[in-house]
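Visitor: My file is my_file_32.tsv. It has TSV, C-alpha atoms:
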chain	number	residue	atom	x	y	z
C	1	MET	CA	12.89	-12.17	10.03
C	2	MET	CA	15.74	-9.97	11.31
C	3	LYS	CA	15.28	-7.46	8.51
C	4	ARG	CA	11.57	-7.32	9.34
C	5	LEU	CA	12.45	-6.44	12.95
C	6	ALA	CA	14.84	-3.76	11.76
C	7	ALA	CA	12.28	-2.28	9.42
C	8	GLY	CA	9.72	-2.45	12.22
C	9	ALA	CA	12.01	-0.30	14.32
C	10	ALA	CA	12.11	2.11	11.41
C	11	VAL	CA	8.37	2.58	11.71
C	12	LEU	CA	8.74	3.73	15.30
C	13	ALA	CA	11.74	5.89	14.52
C	14	LEU	CA	9.80	7.65	11.78
C	15	ALA	CA	6.83	8.14	14.08
C	16	ALA	CA	9.08	10.05	16.45
C	17	GLY	CA	11.50	11.69	14.08
C	18	LEU	CA	10.04	12.50	10.69
C	19	SER	CA	6.56	13.82	11.18
C	20	GLY	CA	5.26	13.08	14.63
C	21	CYS	CA	2.63	10.83	13.07
C	22	ILE	CA	0.73	8.29	15.13
C	23	ILE	CA	1.45	4.64	14.60
C	24	ILE	CA	-1.02	2.16	16.01
C	25	ALA	CA	0.70	-1.20	16.40
C	26	SER	CA	-0.73	-4.61	17.09
C	27	ASP	CA	0.23	-6.08	20.45
C	28	GLY	CA	-1.40	-9.36	21.27
C	29	GLY	CA	-4.57	-8.36	19.44
C	30	GLU	CA	-4.86	-4.98	21.15
C	31	ARG	CA	-4.13	-1.60	19.58
C	32	VAL	CA	-1.28	0.35	21.14
C	33	VAL	CA	-0.66	3.97	20.16
C	34	VAL	CA	3.04	4.66	19.82
C	35	ALA	CA	4.16	8.27	19.60
C	36	GLY	CA	6.98	10.52	20.70
C	37	GLU	CA	10.37	9.09	21.62
C	38	THR	CA	11.10	5.41	21.24
C	39	VAL	CA	12.82	3.53	24.00
C	40	GLY	CA	15.32	0.73	23.56
C	41	LEU	CA	15.31	0.85	19.76
C	42	SER	CA	18.31	1.73	17.67
C	43	ALA	CA	17.75	3.53	14.35
C	44	PRO	CA	18.30	1.00	11.55
C	45	SER	CA	20.18	1.70	8.36
C	46	TYR	CA	16.96	1.48	6.34
C	47	MET	CA	16.12	5.04	7.32
C	48	SER	CA	18.71	6.40	4.94
C	49	LEU	CA	17.45	4.07	2.19
C	50	TYR	CA	13.96	5.50	2.52
C	51	SER	CA	15.27	9.05	2.40
C	52	ASP	CA	17.49	8.26	-0.59
C	53	ALA	CA	14.58	6.67	-2.45
C	54	VAL	CA	12.45	9.77	-1.95
C	55	ALA	CA	15.36	11.98	-3.09
C	56	ASP	CA	16.07	9.91	-6.23
C	57	PRO	CA	16.40	12.44	-9.10
C	58	ARG	CA	14.77	9.98	-11.50
C	59	ARG	CA	11.41	10.54	-9.85
C	60	PRO	CA	9.07	12.68	-12.00
C	61	ALA	CA	8.54	16.22	-10.76
C	62	GLU	CA	4.78	15.76	-10.58
C	63	GLU	CA	5.24	12.85	-8.19
C	64	VAL	CA	7.70	14.73	-6.00
C	65	GLU	CA	5.15	17.55	-5.74
C	66	ARG	CA	2.72	15.11	-4.15
C	67	ASP	CA	5.13	13.97	-1.45
C	68	PRO	CA	3.92	16.39	1.27
C	69	LEU	CA	0.47	14.80	1.03
C	70	ARG	CA	1.53	11.18	0.47
C	71	HIS	CA	4.38	10.96	3.05
C	72	PRO	CA	6.37	8.37	1.09
C	73	ALA	CA	9.20	7.83	3.60
C	74	GLU	CA	6.74	7.14	6.39
C	75	ILE	CA	4.79	4.74	4.18
C	76	LEU	CA	7.97	2.86	3.22
C	77	ALA	CA	8.83	2.48	6.89
C	78	PHE	CA	5.33	1.39	7.84
C	79	ALA	CA	5.41	-1.21	5.05
C	80	GLN	CA	8.76	-2.41	6.45
C	81	VAL	CA	10.36	-2.54	3.00
C	82	ALA	CA	13.90	-3.92	3.14
C	83	PRO	CA	16.79	-4.64	0.76
C	84	GLY	CA	16.30	-7.90	-1.10
C	85	ASP	CA	12.53	-7.92	-0.63
C	86	LYS	CA	10.20	-9.26	-3.27
C	87	VAL	CA	7.30	-6.81	-3.56
C	88	ALA	CA	4.12	-6.65	-5.64
C	89	ASP	CA	2.59	-3.23	-6.31
C	90	ILE	CA	-1.01	-3.90	-7.32
C	91	ARG	CA	-2.18	-1.65	-10.15
C	92	PRO	CA	0.79	0.69	-9.85
C	93	GLY	CA	-0.51	3.44	-12.10
C	94	ALA	CA	2.27	5.82	-13.05
C	95	GLY	CA	4.58	4.05	-10.61
C	96	TYR	CA	4.70	6.42	-7.63
C	97	PHE	CA	5.40	3.64	-5.14
C	98	SER	CA	6.98	1.16	-7.57
C	99	ARG	CA	9.90	3.54	-8.10
C	100	LEU	CA	10.41	3.92	-4.37
C	101	PHE	CA	10.21	0.17	-3.78
C	102	SER	CA	12.74	-0.41	-6.56
C	103	ASP	CA	15.30	1.83	-4.91
C	104	VAL	CA	14.87	0.27	-1.47
C	105	VAL	CA	14.84	-3.43	-2.43
C	106	GLY	CA	17.90	-2.90	-4.63
C	107	PRO	CA	19.53	-5.28	-7.11
C	108	THR	CA	18.84	-8.39	-5.03
C	109	GLY	CA	15.15	-7.55	-4.72
C	110	ARG	CA	12.30	-7.52	-7.20
C	111	VAL	CA	9.22	-5.35	-7.71
C	112	TYR	CA	6.29	-6.86	-9.57
C	113	ALA	CA	4.07	-4.23	-11.18
C	114	PHE	CA	0.78	-6.13	-11.29
C	115	VAL	CA	-1.65	-4.80	-13.90
C	116	PRO	CA	-5.07	-6.48	-13.92
C	117	GLU	CA	-6.17	-7.99	-17.22
C	118	ARG	CA	-9.22	-5.72	-17.25
C	119	THR	CA	-7.10	-2.56	-17.46
C	120	MET	CA	-3.93	-3.80	-19.13
C	121	ALA	CA	-4.69	-2.31	-22.56
C	122	ARG	CA	-4.29	1.21	-21.20
C	123	GLU	CA	-2.00	0.52	-18.22
C	124	ASN	CA	0.61	-1.88	-19.63
C	125	PRO	CA	2.42	0.87	-21.58
C	126	THR	CA	2.96	2.86	-18.40
C	127	ALA	CA	4.13	-0.22	-16.53
C	128	ASP	CA	6.53	-0.98	-19.36
C	129	LEU	CA	8.12	2.45	-18.95
C	130	LEU	CA	8.88	1.47	-15.36
C	131	VAL	CA	10.38	-1.83	-16.51
C	132	ALA	CA	12.59	-0.01	-19.00
C	133	ALA	CA	13.86	2.45	-16.39
C	134	TYR	CA	14.30	0.08	-13.42
C	135	PRO	CA	15.97	-3.30	-14.03
C	136	ASN	CA	14.43	-4.86	-10.91
C	137	ILE	CA	10.81	-4.11	-11.91
C	138	THR	CA	8.81	-6.76	-13.77
C	139	ARG	CA	5.33	-6.30	-15.20
C	140	VAL	CA	2.79	-9.02	-14.43
C	141	ASN	CA	-0.72	-9.34	-15.86
C	142	GLY	CA	-3.44	-11.54	-14.47
C	143	LEU	CA	-6.81	-11.78	-12.82
C	144	LEU	CA	-7.03	-10.10	-9.45
C	145	ASP	CA	-8.81	-13.01	-7.82
C	146	SER	CA	-6.19	-15.52	-8.98
C	147	MET	CA	-3.03	-13.40	-9.01
C	148	SER	CA	0.25	-15.27	-8.75
C	149	PHE	CA	3.93	-14.48	-9.01
C	150	ALA	CA	7.17	-16.24	-9.93
C	151	GLU	CA	8.31	-16.48	-6.31
C	152	PRO	CA	6.94	-16.05	-2.78
C	153	LEU	CA	6.66	-12.39	-1.80
C	154	ASP	CA	7.60	-10.37	1.26
C	155	LEU	CA	5.08	-7.59	0.64
C	156	ILE	CA	1.94	-6.98	-1.40
C	157	PHE	CA	1.01	-3.33	-1.57
C	158	MET	CA	-2.22	-1.71	-2.70
C	159	SER	CA	-2.67	2.08	-2.66
C	160	GLN	CA	-6.10	3.63	-3.27
C	161	GLU	CA	-7.17	0.64	-5.37
C	162	TYR	CA	-8.90	-1.89	-3.11
C	163	HIS	CA	-12.27	-0.11	-3.22
C	164	ASP	CA	-12.28	-0.25	-7.04
C	165	PHE	CA	-12.17	-4.02	-7.00
C	166	HIS	CA	-15.62	-4.05	-5.42
C	167	ILE	CA	-17.02	-2.15	-8.42
C	168	PRO	CA	-18.98	-4.64	-10.56
C	169	GLY	CA	-17.13	-3.61	-13.73
C	170	PHE	CA	-13.92	-5.14	-12.35
C	171	ASN	CA	-15.63	-8.52	-12.18
C	172	THR	CA	-13.54	-9.48	-9.15
C	173	ASP	CA	-14.38	-11.76	-6.26
C	174	VAL	CA	-12.66	-9.78	-3.50
C	175	ALA	CA	-12.67	-12.71	-1.08
C	176	LYS	CA	-10.81	-14.79	-3.69
C	177	MET	CA	-8.46	-11.84	-4.34
C	178	ASN	CA	-7.51	-11.66	-0.67
C	179	ALA	CA	-7.02	-15.43	-0.63
C	180	ALA	CA	-4.71	-15.11	-3.65
C	181	VAL	CA	-2.74	-12.39	-1.87
C	182	PHE	CA	-2.43	-14.66	1.17
C	183	ALA	CA	-1.18	-17.54	-0.98
C	184	ALA	CA	1.36	-15.35	-2.79
C	185	LEU	CA	3.07	-14.17	0.41
C	186	LYS	CA	5.78	-15.89	2.38
C	187	PRO	CA	4.89	-16.87	5.96
C	188	GLY	CA	5.26	-13.63	7.89
C	189	GLY	CA	4.76	-11.60	4.72
C	190	LEU	CA	2.85	-8.32	4.79
C	191	TYR	CA	-0.21	-6.99	2.99
C	192	VAL	CA	-0.39	-3.18	3.17
C	193	VAL	CA	-3.51	-1.35	2.00
C	194	ILE	CA	-4.09	2.39	1.69
C	195	ASP	CA	-7.56	3.61	0.78
C	196	HIS	CA	-10.02	6.48	1.05
C	197	GLN	CA	-12.12	6.29	4.20
C	198	ALA	CA	-15.91	6.14	3.90
C	199	ALA	CA	-18.40	7.13	6.57
C	200	PRO	CA	-18.88	4.68	9.45
C	201	GLY	CA	-21.38	1.96	8.70
C	202	THR	CA	-21.37	2.46	4.93
C	203	GLY	CA	-19.32	-0.63	4.11
C	204	ILE	CA	-18.85	-0.84	0.35
C	205	SER	CA	-21.92	1.20	-0.62
C	206	ALA	CA	-19.81	4.18	-1.76
C	207	VAL	CA	-17.11	2.37	-3.73
C	208	GLN	CA	-18.50	3.48	-7.09
C	209	THR	CA	-20.23	6.75	-6.23
C	210	LEU	CA	-17.53	8.28	-4.00
C	211	HIS	CA	-14.60	5.85	-4.51
C	212	ARG	CA	-14.44	5.26	-0.77
C	213	ILE	CA	-14.61	2.18	1.45
C	214	GLU	CA	-15.18	1.87	5.17
C	215	GLY	CA	-11.90	0.86	6.78
C	216	ASP	CA	-13.48	-1.47	9.32
C	217	TYR	CA	-15.29	-3.30	6.54
C	218	LEU	CA	-12.06	-3.75	4.57
C	219	ARG	CA	-10.28	-5.00	7.67
C	220	ARG	CA	-12.93	-7.66	8.27
C	221	GLU	CA	-12.65	-8.84	4.67
C	222	VAL	CA	-8.86	-9.16	4.81
C	223	GLU	CA	-8.86	-10.89	8.19
C	224	ALA	CA	-11.40	-13.39	6.82
C	225	ALA	CA	-8.67	-14.55	4.41
C	226	GLY	CA	-6.48	-15.58	7.34
C	227	PHE	CA	-4.47	-12.39	7.85
C	228	VAL	CA	-3.64	-10.92	11.24
C	229	PHE	CA	-4.06	-7.17	11.65
C	230	ASP	CA	-0.53	-5.89	12.31
C	231	GLY	CA	-0.78	-2.12	12.55
C	232	GLU	CA	-2.31	1.13	11.40
C	233	SER	CA	-0.83	4.50	10.48
C	234	ALA	CA	-2.59	7.85	10.57
C	235	VAL	CA	0.06	9.56	8.44
C	236	VAL	CA	-2.39	10.27	5.58
C	237	ALA	CA	-5.50	10.71	7.73
C	238	ASN	CA	-7.48	13.94	7.45
C	239	PRO	CA	-10.06	14.51	10.21
C	240	ALA	CA	-11.38	17.54	8.30
C	241	ASP	CA	-12.72	15.26	5.55
C	242	ASP	CA	-16.37	14.46	6.35
C	243	HIS	CA	-16.41	11.52	3.88
C	244	SER	CA	-19.28	13.00	1.87
C	245	LEU	CA	-17.43	13.99	-1.31
C	246	ASN	CA	-16.22	11.97	-4.27
C	247	VAL	CA	-12.45	11.64	-3.92
C	248	PHE	CA	-12.01	13.35	-7.30
C	249	ASP	CA	-13.95	16.43	-6.20
C	250	ALA	CA	-11.61	19.45	-6.39
C	251	ALA	CA	-12.58	20.42	-2.84
C	252	ILE	CA	-10.95	17.29	-1.38
C	253	ARG	CA	-8.84	15.65	-4.10
C	254	GLY	CA	-5.40	14.71	-2.80
C	255	ARG	CA	-6.45	15.48	0.77
C	256	THR	CA	-8.95	12.76	1.55
C	257	ASP	CA	-9.06	10.99	4.88
C	258	GLN	CA	-7.13	7.78	4.24
C	259	PHE	CA	-6.37	4.75	6.35
C	260	VAL	CA	-3.17	2.69	6.09
C	261	TYR	CA	-3.50	-0.87	7.32
C	262	ARG	CA	-0.81	-3.52	7.62
C	263	PHE	CA	-1.78	-7.19	7.73
C	264	ARG	CA	0.56	-10.14	8.32
C	265	LYS	CA	0.37	-13.71	7.07
C	266	PRO	CA	0.97	-15.92	10.12
C	267	GLY	CA	4.07	-18.04	10.18
Can you dump the structure from the file as structure tokens?
Guide:
Amino acid sequence: MMKRLAAGAAVLALAAGLSGCIIIASDGGERVVVAGETVGLSAPSYMSLYSDAVADPRRPAEEVERDPLRHPAEILAFAQVAPGDKVADIRPGAGYFSRLFSDVVGPTGRVYAFVPERTMARENPTADLLVAAYPNITRVNGLLDSMSFAEPLDLIFMSQEYHDFHIPGFNTDVAKMNAAVFAALKPGGLYVVIDHQAAPGTGISAVQTLHRIEGDYLRREVEAAGFVFDGESAVVANPADDHSLNVFDAAIRGRTDQFVYRFRKPG
């Protein structure tokens, strides 16, 4: 719990010091916008860990080039990643965040690169490259709606993937997936989701056509699994995105309006 409080302070410190981003924190069920200077909070040592992880020379150049758009240090702080944490990165792709998590959790932590059974034929080889390069990363395969891990987790992280799991081809019961995430976390554990924002009121209607999902819809789904909404970051938001384009369209790719939600398992 103490390391969670320290990492929580890191969120506020980053909001004031790194980019001036807005952090919307949960306070008794109400949203509170926190910006500018923080009062009564000392900067925790995790700040240097986040910076060191971003500066790790093992990171591929093409991933480093994306940092100005993806704001990795701010995301690490918002996710409250701490040394010794047990983290699952759901469908990690090339490992952009898995590498960062590995550096922060260190030798006493563990990162589980979860590759769904549906996509493991093409994605396992990439995950295995991560395992070979980082001793604290383990590949896990399984069904999304019954995912499980070798130990209780501190954090389950999902970046730009949640909407896909509503596509019929994934054959996933998203309500069961969120329940499995809930079961896999320790009491007080966090579920952090980043995804491409869809137009208000569209729900999941654009998950296949535009690869977008309405943030409010996603939030209702996750809360229905028993999670408490714990905060929101606007660090990768883009008000100039009108939500009408497919996220792979060259006119918006890499610069979509994205929401970052943090949910907490009570306890």
Visitor: Which residue is closest to Ala133 (chain C)? Choose from C:Thr108, C:Thr172, C:Ser102, C:Ser146 and count all atoms listed in the file.
Guide: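 Under the stated criterion, the closest residue is C:Ser102.
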Visitor: Need to verify the contact set: His71 (chain C), 9 Å, all atoms listed in the file, exclusion of same-chain residues closer than 5 positions in sequence. Can you return it as a ChimeraX atom specification?
Guide: /C:19,66,76,235-236
Visitor: So, counting only C-alpha atoms, which residue among C:Asn238, C:Asn136, C:Gln80, C:Ser98 is closest to Glu63 (chain C)?
Guide: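 Answer, going by the shortest atom-to-atom distance: C:Ser98.
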Visitor: Please tell me which residues are no farther than 8 Å from (-4.6, -3.8, 10.1) in the file, counting all atoms listed in the file, and write them as a PyMOL selection string.
Guide: chain C and resi 219+228-232+260-263
Visitor: So that I can see what lies close to Ser148 (chain C), please list as a PyMOL selection string the residues with an atom at most 8 Å from it, counting only C-alpha atoms and leaving out residues fewer than 5 positions away in the same chain.
Guide: chain C and resi 142+180+184
Visitor: Identify which of the residues C:Ala225, C:Val54, C:Ala198, C:Val193 lies closest to Ile156 (chain C), counting only C-alpha atoms when measuring atom-to-atom distances.
Guide: C:Val193
Visitor: Work out how far CA of Pro107 (chain C) is from CA of Ala179 (chain C), in Å to one decimal.
Guide: 29.2 Å
Visitor: Go through C:Phe170, C:Phe165, C:Phe182, C:Phe248 one by one, measure the shortest atom-to-atom distance of each to Ile213 (chain C) using all atoms listed in the file, and give the residue with the smallest value.
Guide: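 Among the listed residues, the smallest separation from Ile213 (chain C) belongs to C:Phe165.
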Visitor: From the options C:Ala73, C:Met120, C:Leu153, C:Val111, which residue's atoms come nearest to Lys186 (chain C), counting all atoms listed in the file?
Guide: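 Answer, going by the shortest atom-to-atom distance: C:Leu153.
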